[in-house]
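Q: Contents of model_30.cif (mmCIF, C-alpha atoms):
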```cif
data_work
#
loop_
_atom_site.group_PDB
_atom_site.id
_atom_site.type_symbol
_atom_site.label_atom_id
_atom_site.label_comp_id
_atom_site.auth_asym_id
_atom_site.auth_seq_id
_atom_site.Cartn_x
_atom_site.Cartn_y
_atom_site.Cartn_z
ATOM 1 C CA MET D 1007 -158.808 -28.990 6.153
ATOM 2 C CA SER D 1008 -161.497 -29.671 8.794
ATOM 3 C CA ASP D 1009 -161.719 -27.892 12.143
ATOM 4 C CA ASN D 1010 -160.533 -31.109 13.873
ATOM 5 C CA GLN D 1011 -157.508 -31.332 11.605
ATOM 6 C CA ASN D 1012 -156.716 -27.655 12.203
ATOM 7 C CA SER D 1013 -156.944 -28.197 15.960
ATOM 8 C CA ILE D 1014 -154.643 -31.228 15.838
ATOM 9 C CA GLN D 1015 -152.132 -29.452 13.593
ATOM 10 C CA SER D 1016 -151.963 -26.371 15.802
ATOM 11 C CA LYS D 1017 -151.356 -28.519 18.877
ATOM 12 C CA LEU D 1018 -148.712 -30.595 17.102
ATOM 13 C CA GLU D 1019 -146.966 -27.320 16.288
ATOM 14 C CA TYR D 1020 -147.206 -26.250 19.929
ATOM 15 C CA LEU D 1021 -145.590 -29.523 21.018
ATOM 16 C CA GLY D 1022 -142.984 -29.209 18.260
ATOM 17 C CA LEU D 1023 -143.940 -32.688 17.073
ATOM 18 C CA ASP D 1024 -143.550 -33.512 13.369
ATOM 19 C CA LEU D 1025 -145.186 -36.904 12.830
ATOM 20 C CA ASN D 1026 -143.210 -37.335 9.627
ATOM 21 C CA ASN D 1027 -139.920 -36.781 11.427
ATOM 22 C CA VAL D 1028 -140.277 -38.068 14.986
ATOM 23 C CA PRO D 1029 -137.146 -37.453 17.115
ATOM 24 C CA GLU D 1030 -135.204 -40.516 18.243
ATOM 25 C CA ILE D 1031 -135.779 -39.740 21.916
ATOM 26 C CA LEU D 1032 -139.455 -40.633 21.467
ATOM 27 C CA LEU D 1033 -138.658 -43.810 19.518
ATOM 28 C CA ARG D 1034 -136.479 -45.539 22.120
ATOM 29 C CA ASP D 1035 -137.046 -49.199 22.917
ATOM 30 C CA ILE D 1036 -138.532 -49.868 26.319
ATOM 31 C CA ASP D 1037 -137.122 -52.591 28.546
ATOM 32 C CA ALA D 1038 -139.088 -52.125 31.739
ATOM 33 C CA GLU D 1039 -139.213 -54.500 34.664
ATOM 34 C CA ILE D 1040 -140.701 -52.543 37.549
ATOM 35 C CA LYS D 1041 -141.398 -54.459 40.718
ATOM 36 C CA PRO D 1042 -142.870 -52.701 43.757
ATOM 37 C CA ALA D 1043 -141.678 -53.436 47.267
ATOM 38 C CA ARG D 1044 -143.875 -55.875 49.151
ATOM 39 C CA ASN D 1045 -146.881 -54.245 50.863
ATOM 40 C CA TYR D 1046 -146.011 -50.868 49.358
ATOM 41 C CA GLU D 1047 -148.931 -48.467 48.959
ATOM 42 C CA GLU D 1048 -148.715 -46.621 45.649
ATOM 43 C CA LYS D 1049 -150.740 -43.625 46.818
ATOM 44 C CA LYS D 1050 -148.224 -42.857 49.565
ATOM 45 C CA TYR D 1051 -145.353 -41.248 47.701
ATOM 46 C CA LYS D 1052 -142.234 -41.459 49.840
ATOM 47 C CA VAL D 1053 -139.458 -40.277 47.551
ATOM 48 C CA TYR D 1054 -139.214 -36.971 45.676
ATOM 49 C CA LYS D 1055 -136.311 -36.093 43.425
ATOM 50 C CA TYR D 1056 -135.119 -34.181 40.387
ATOM 51 C CA VAL D 1057 -135.173 -36.372 37.282
ATOM 52 C CA PRO D 1058 -133.578 -35.337 33.954
ATOM 53 C CA ILE D 1059 -136.189 -34.947 31.222
ATOM 54 C CA SER D 1060 -134.193 -37.096 28.791
ATOM 55 C CA LYS D 1061 -133.955 -40.027 31.232
ATOM 56 C CA VAL D 1062 -137.698 -40.751 31.344
ATOM 57 C CA ARG D 1063 -139.037 -43.350 28.930
ATOM 58 C CA ILE D 1064 -142.723 -43.110 28.089
ATOM 59 C CA LEU D 1065 -145.309 -45.876 27.971
ATOM 60 C CA LEU D 1066 -149.042 -45.516 27.431
ATOM 61 C CA THR D 1067 -151.427 -47.907 29.144
ATOM 62 C CA LYS D 1068 -155.055 -48.820 28.649
ATOM 63 C CA ALA D 1069 -155.348 -49.487 32.384
ATOM 64 C CA ASN D 1070 -156.801 -46.982 34.823
ATOM 65 C CA ARG D 1071 -154.502 -44.960 37.054
ATOM 66 C CA GLN D 1072 -156.073 -46.707 40.062
ATOM 67 C CA ASN D 1073 -155.122 -50.172 38.767
ATOM 68 C CA SER D 1074 -152.129 -52.025 40.153
ATOM 69 C CA LEU D 1075 -148.685 -51.562 38.642
ATOM 70 C CA GLN D 1076 -148.840 -55.115 37.303
ATOM 71 C CA GLU D 1077 -152.077 -54.339 35.455
ATOM 72 C CA LYS D 1078 -150.772 -51.047 34.126
ATOM 73 C CA SER D 1079 -147.555 -52.659 32.911
ATOM 74 C CA ALA D 1080 -149.370 -55.584 31.288
ATOM 75 C CA MET D 1081 -151.569 -53.215 29.283
ATOM 76 C CA ALA D 1082 -148.807 -50.741 28.408
ATOM 77 C CA SER D 1083 -147.109 -50.061 25.078
ATOM 78 C CA PRO D 1084 -144.138 -47.821 24.238
ATOM 79 C CA LEU D 1085 -144.981 -44.363 22.959
ATOM 80 C CA TYR D 1086 -143.370 -45.091 19.580
ATOM 81 C CA THR D 1087 -146.091 -47.663 18.752
ATOM 82 C CA TYR D 1088 -148.532 -44.739 18.766
ATOM 83 C CA LEU D 1089 -146.262 -42.409 16.811
ATOM 84 C CA SER D 1090 -144.984 -44.546 13.955
ATOM 85 C CA PRO D 1091 -147.640 -47.167 13.158
ATOM 86 C CA LYS D 1092 -146.520 -50.269 11.269
ATOM 87 C CA THR D 1093 -149.483 -52.579 11.858
ATOM 88 C CA ASP D 1094 -153.278 -52.270 11.865
ATOM 89 C CA GLU D 1095 -153.236 -52.364 15.664
ATOM 90 C CA GLU D 1096 -150.677 -49.563 15.799
ATOM 91 C CA MET D 1097 -152.756 -47.571 13.312
ATOM 92 C CA LEU D 1098 -155.626 -47.706 15.808
ATOM 93 C CA LYS D 1099 -153.232 -46.501 18.500
ATOM 94 C CA HIS D 1100 -152.091 -43.673 16.224
ATOM 95 C CA THR D 1101 -155.699 -42.582 15.706
ATOM 96 C CA MET D 1102 -156.184 -42.659 19.479
ATOM 97 C CA LEU D 1103 -153.083 -40.512 19.967
ATOM 98 C CA LEU D 1104 -154.383 -37.925 17.508
ATOM 99 C CA LYS D 1105 -157.620 -37.759 19.501
ATOM 100 C CA MET D 1106 -155.600 -37.272 22.702
ATOM 101 C CA ILE D 1107 -153.646 -34.468 21.034
ATOM 102 C CA GLU D 1108 -156.871 -32.842 19.859
ATOM 103 C CA ASP D 1109 -158.103 -32.856 23.472
ATOM 104 C CA ILE D 1110 -154.932 -31.217 24.841
ATOM 105 C CA LYS D 1111 -155.512 -28.161 27.007
ATOM 106 C CA ILE D 1112 -152.477 -25.998 26.260
ATOM 107 C CA GLY D 1113 -153.238 -23.809 29.270
ATOM 108 C CA GLU D 1114 -152.768 -26.819 31.577
ATOM 109 C CA ILE D 1115 -149.375 -27.608 30.050
ATOM 110 C CA LYS D 1116 -148.312 -23.986 30.549
ATOM 111 C CA LYS D 1117 -149.324 -24.274 34.214
ATOM 112 C CA ILE D 1118 -146.970 -27.242 34.585
ATOM 113 C CA GLU D 1119 -144.182 -25.292 32.881
ATOM 114 C CA LYS D 1120 -144.552 -22.467 35.398
ATOM 115 C CA GLU D 1121 -144.845 -24.910 38.294
ATOM 116 C CA GLN D 1122 -141.684 -26.783 37.303
ATOM 117 C CA GLU D 1123 -139.802 -23.500 36.823
ATOM 118 C CA LYS D 1124 -140.685 -22.656 40.410
ATOM 119 C CA LEU D 1125 -139.829 -26.147 41.667
ATOM 120 C CA ASN D 1126 -136.435 -25.937 39.991
ATOM 121 C CA LYS D 1127 -135.664 -22.933 42.157
ATOM 122 C CA GLU D 1128 -137.000 -24.234 45.448
ATOM 123 C CA ILE D 1129 -138.362 -27.473 46.890
ATOM 124 C CA PRO D 1130 -141.769 -26.839 48.514
ATOM 125 C CA PHE D 1131 -141.813 -26.603 52.305
ATOM 126 C CA LYS D 1132 -144.272 -29.509 52.489
ATOM 127 C CA VAL D 1133 -142.441 -31.327 49.678
ATOM 128 C CA LYS D 1134 -145.557 -32.479 47.810
ATOM 129 C CA TYR D 1135 -147.447 -30.160 45.474
ATOM 130 C CA LYS D 1136 -150.831 -29.951 43.772
ATOM 131 C CA GLU D 1137 -151.738 -32.846 41.463
ATOM 132 C CA ASN D 1138 -148.294 -34.428 41.799
ATOM 133 C CA TYR D 1139 -149.944 -37.827 41.387
ATOM 134 C CA LEU D 1140 -150.489 -37.113 37.670
ATOM 135 C CA TRP D 1141 -146.832 -37.796 36.884
ATOM 136 C CA GLN D 1142 -146.989 -41.590 37.347
ATOM 137 C CA ILE D 1143 -143.214 -41.988 37.119
ATOM 138 C CA TYR D 1144 -141.521 -45.210 38.214
ATOM 139 C CA TYR D 1145 -137.936 -46.327 38.640
ATOM 140 C CA SER D 1146 -136.712 -49.758 37.606
ATOM 141 C CA GLU D 1147 -133.839 -51.248 39.597
ATOM 142 C CA TYR D 1148 -133.507 -53.811 36.809
ATOM 143 C CA SER D 1149 -132.842 -51.387 33.953
ATOM 144 C CA LYS D 1150 -131.817 -48.337 36.035
ATOM 145 C CA ASN D 1151 -134.280 -46.218 34.063
ATOM 146 C CA TYR D 1152 -137.253 -44.003 34.844
ATOM 147 C CA TYR D 1153 -140.602 -44.664 33.190
ATOM 148 C CA MET D 1154 -143.787 -42.683 32.868
ATOM 149 C CA ILE D 1155 -146.770 -45.025 32.516
ATOM 150 C CA ALA D 1156 -149.554 -42.713 31.358
ATOM 151 C CA PRO D 1157 -153.170 -43.991 31.365
ATOM 152 C CA ILE D 1158 -154.572 -42.986 27.969
ATOM 153 C CA GLU D 1159 -158.097 -42.623 29.331
ATOM 154 C CA ASP D 1160 -157.150 -40.089 32.020
ATOM 155 C CA LEU D 1161 -158.986 -36.800 31.664
ATOM 156 C CA ASP D 1162 -155.812 -34.865 32.440
ATOM 157 C CA LEU D 1163 -152.777 -35.855 30.367
ATOM 158 C CA SER D 1164 -151.021 -32.501 30.668
ATOM 159 C CA CYS D 1165 -147.982 -34.040 32.420
ATOM 160 C CA LEU D 1166 -147.579 -36.548 29.595
ATOM 161 C CA PHE D 1167 -147.648 -33.917 26.870
ATOM 162 C CA TYR D 1168 -145.461 -31.551 28.887
ATOM 163 C CA LEU D 1169 -142.844 -34.309 29.053
ATOM 164 C CA ILE D 1170 -143.195 -35.053 25.328
ATOM 165 C CA LYS D 1171 -142.829 -31.348 24.512
ATOM 166 C CA GLU D 1172 -139.718 -30.998 26.672
ATOM 167 C CA GLN D 1173 -138.112 -34.151 25.262
ATOM 168 C CA ILE D 1174 -138.638 -32.834 21.741
ATOM 169 C CA GLU D 1175 -137.051 -29.535 22.790
ATOM 170 C CA TYR D 1176 -134.123 -31.432 24.321
ATOM 171 C CA SER D 1177 -133.638 -33.361 21.062
ATOM 172 C CA LYS D 1178 -133.313 -30.040 19.222
ATOM 173 C CA THR D 1179 -131.138 -28.092 21.646
ATOM 174 C CA GLY D 1180 -129.327 -30.700 23.748
ATOM 175 C CA ILE D 1181 -130.134 -28.572 26.811
ATOM 176 C CA GLU D 1182 -131.182 -30.799 29.703
ATOM 177 C CA LYS D 1183 -134.016 -29.866 32.041
ATOM 178 C CA GLU D 1184 -135.120 -31.574 35.224
ATOM 179 C CA ILE D 1185 -138.523 -32.190 36.760
ATOM 180 C CA PHE D 1186 -139.136 -32.441 40.498
ATOM 181 C CA VAL D 1187 -141.493 -35.385 40.899
ATOM 182 C CA PRO D 1188 -142.607 -38.157 43.250
ATOM 183 C CA ILE D 1189 -141.335 -41.592 42.234
ATOM 184 C CA SER D 1190 -144.133 -44.148 42.411
ATOM 185 C CA TYR D 1191 -143.459 -47.461 44.175
ATOM 186 C CA LEU D 1192 -140.026 -46.343 45.349
ATOM 187 C CA ASP D 1193 -139.551 -47.107 49.021
ATOM 188 C CA TYR D 1194 -137.189 -45.442 51.503
ATOM 189 C CA SER D 1195 -133.542 -46.074 50.691
ATOM 190 C CA LYS D 1196 -132.898 -47.010 54.342
ATOM 191 C CA ARG D 1197 -129.782 -44.845 54.160
ATOM 192 C CA TYR D 1198 -130.960 -42.929 57.229
ATOM 193 C CA PHE D 1199 -133.615 -45.125 58.817
ATOM 194 C CA THR D 1200 -135.153 -48.532 58.293
ATOM 195 C CA LYS D 1201 -138.876 -48.730 57.573
ATOM 196 C CA THR D 1202 -139.534 -49.804 61.164
ATOM 197 C CA GLU D 1203 -137.541 -46.851 62.483
ATOM 198 C CA VAL D 1204 -139.556 -44.494 60.262
ATOM 199 C CA GLN D 1205 -142.789 -45.931 61.653
ATOM 200 C CA ASP D 1206 -141.476 -45.405 65.195
ATOM 201 C CA ILE D 1207 -140.670 -41.771 64.355
ATOM 202 C CA GLU D 1208 -144.191 -41.277 62.952
ATOM 203 C CA LYS D 1209 -145.747 -42.673 66.136
ATOM 204 C CA TYR D 1210 -143.434 -40.570 68.318
ATOM 205 C CA ILE D 1211 -144.371 -37.353 66.482
ATOM 206 C CA TRP D 1212 -148.080 -38.252 66.652
ATOM 207 C CA GLN D 1213 -147.923 -38.745 70.446
ATOM 208 C CA PHE D 1214 -146.698 -35.191 70.936
ATOM 209 C CA THR D 1215 -148.609 -33.354 68.225
ATOM 210 C CA LYS D 1216 -151.732 -35.516 67.760
ATOM 211 C CA GLU D 1217 -151.162 -35.038 64.026
ATOM 212 C CA TRP D 1218 -149.907 -37.864 61.834
ATOM 213 C CA PRO D 1219 -146.831 -36.747 59.871
ATOM 214 C CA LEU D 1220 -145.885 -37.357 56.260
ATOM 215 C CA VAL D 1221 -142.318 -38.585 55.928
ATOM 216 C CA TYR D 1222 -140.275 -38.189 52.751
ATOM 217 C CA GLU D 1223 -136.836 -38.767 51.364
ATOM 218 C CA VAL D 1224 -136.023 -35.735 49.232
ATOM 219 C CA TYR D 1225 -133.085 -35.556 46.824
ATOM 220 C CA ASP D 1226 -131.564 -32.364 45.481
ATOM 221 C CA ARG D 1227 -129.925 -32.039 42.056
ATOM 222 C CA GLU D 1228 -126.647 -33.465 43.360
ATOM 223 C CA GLU D 1229 -128.520 -36.540 44.677
ATOM 224 C CA ASN D 1230 -127.935 -35.402 48.264
ATOM 225 C CA MET D 1231 -130.733 -36.819 50.348
ATOM 226 C CA SER D 1232 -132.602 -35.207 53.213
ATOM 227 C CA PHE D 1233 -135.168 -36.835 55.491
ATOM 228 C CA GLN D 1234 -138.233 -34.646 55.988
ATOM 229 C CA ALA D 1235 -141.263 -35.079 58.230
ATOM 230 C CA VAL D 1236 -144.100 -32.587 57.811
ATOM 231 C CA ARG D 1237 -147.613 -32.325 59.202
ATOM 232 C CA LYS D 1238 -150.270 -34.037 57.107
ATOM 233 C CA TYR D 1239 -152.609 -31.037 56.913
#
```
Before we go any further, please render this structure as structure tokens.

A:
Amino acid sequence: MSDNQNSIQSKLEYLGLDLNNVPEILLRDIDAEIKPARNYEEKKYKVYKYVPISKVRILLTKANRQNSLQEKSAMASPLYTYLSPKTDEEMLKHTMLLKMIEDIKIGEIKKIEKEQEKLNKEIPFKVKYKENYLWQIYYSEYSKNYYMIAPIEDLDLSCLFYLIKEQIEYSKTGIEKEIFVPISYLDYSKRYFTKTEVQDIEKYIWQFTKEWPLVYEVYDREENMSFQAVRKY
């Protein structure tokens, strides 16, 4: 066995992924119709919440993370087309997945594990946390499901493989875990304030502090929502 094959095999074992016996949770059909709110800016995450590991469906996209949601969706394929190839095109995807697995940095996945353990105990004071943008998780009102749309050419795919690892573990144990993540393209629920009222609050805070605030809706594990405004820096 070559060094590359040894590297891939050791990382498959770390993930708990047997390519000859892929768990059903990774083979689910994807029925995604994700439409962003008009004029919504993807880089401004507004909603943070705990999401059950098992509820996130995974797609891989050839688009760049900076592309629009429409572009990412149009170039996306379900994870199972990379795992269980049935066509020549899917065989190419499978080869690409093996290369991605070979490039995994296990240390980065372990960092996410520790970070999520901490986040499960306490929501950060400033809500957001380092490299939260890597999650790329969306919610579809149409299907009522969460989706990770992971760009396959990203240099850091640790969040993707962390999620895959945890879903495999869930399939074996049935023990549910949650991740505390920003939900891309999800606007304020308007349960507390309308968008215009939020903008008025931002302007009001800026007048007194001369610092533009970041405003979030934050949900705890019981889906109780709190409205939080924190300084930008």

Q: For the structure shown, which residues end up in the PyMOL selection byres ((chain D and resi 1052) around 8)? Put them as a compact mmCIF listing (two decimals) with C-alpha atoms, keeping the file's coordinate frame, please?

A:
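Result saved to out.txt:
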```txt
# COMPACT_ATOMS: atom_id res chain seq x y z
CA LYS D 1050 -148.22 -42.86 49.56
CA TYR D 1051 -145.35 -41.25 47.70
CA VAL D 1053 -139.46 -40.28 47.55
CA TYR D 1054 -139.21 -36.97 45.68
CA PRO D 1188 -142.61 -38.16 43.25
CA ILE D 1189 -141.34 -41.59 42.23
CA LEU D 1192 -140.03 -46.34 45.35
CA ASP D 1193 -139.55 -47.11 49.02
CA TYR D 1194 -137.19 -45.44 51.50
CA VAL D 1221 -142.32 -38.58 55.93
CA TYR D 1222 -140.28 -38.19 52.75
CA GLU D 1223 -136.84 -38.77 51.36
```

Q: Find the residues around D:Asn1070 up to 12 Å (all atoms listed in the file counted), leave out those fewer than 6 positions away in its own chain, and share them as a ChimeraX atom specification.

A: /D:1076-1082,1142,1155-1161

Q: Apply the PyMOL selection byres ((chain D and resi 1029) around 10) to the file shown and report the selected residues as a list in words.

A: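 For this structure, the PyMOL selection byres ((chain D and resi 1029) around 10) captures Leu1023, Asp1024, Leu1025, Asn1026, Asn1027, Val1028, Glu1030, Ile1031, Leu1032, Leu1033, Arg1034, Gln1173, Ile1174, Glu1175, Tyr1176, Ser1177 and Lys1178 of chain D.
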
Q: Please, what distance in Å, to one decimal, runs between atom CA of D:Tyr1153 and atom CA of D:Ser1016?

A: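 These two atoms are separated by 27.7 Å.
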
Q: At what distance in Å, to one decimal, does atom CA of D:Gly1022 lie from atom CA of D:Met1102?

A: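 About the pair atom CA of D:Met1102 and atom CA of D:Gly1022: they are 18.9 Å apart.
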
Q: Calculate how many Å separate atom CA of D:Gln1122 from atom CA of D:Tyr1139, rounding to one decimal.

A: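 Distance between the two atoms: 14.4 Å.
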
Q: Return as a PyMOL selection string the set of residues that the PyMOL selection byres ((chain D and resi 1165-1170) around 7) yields on the displayed structure.

A: chain D and resi 1115+1140-1141+1156+1163-1164+1171-1174

Q: Rank D:Phe1186, D:Phe1131, D:Tyr1020, D:Tyr1148 by their smallest atom-to-atom distance to D:Lys1111, using only C-alpha atoms, and report the top residue only.

A: D:Tyr1020
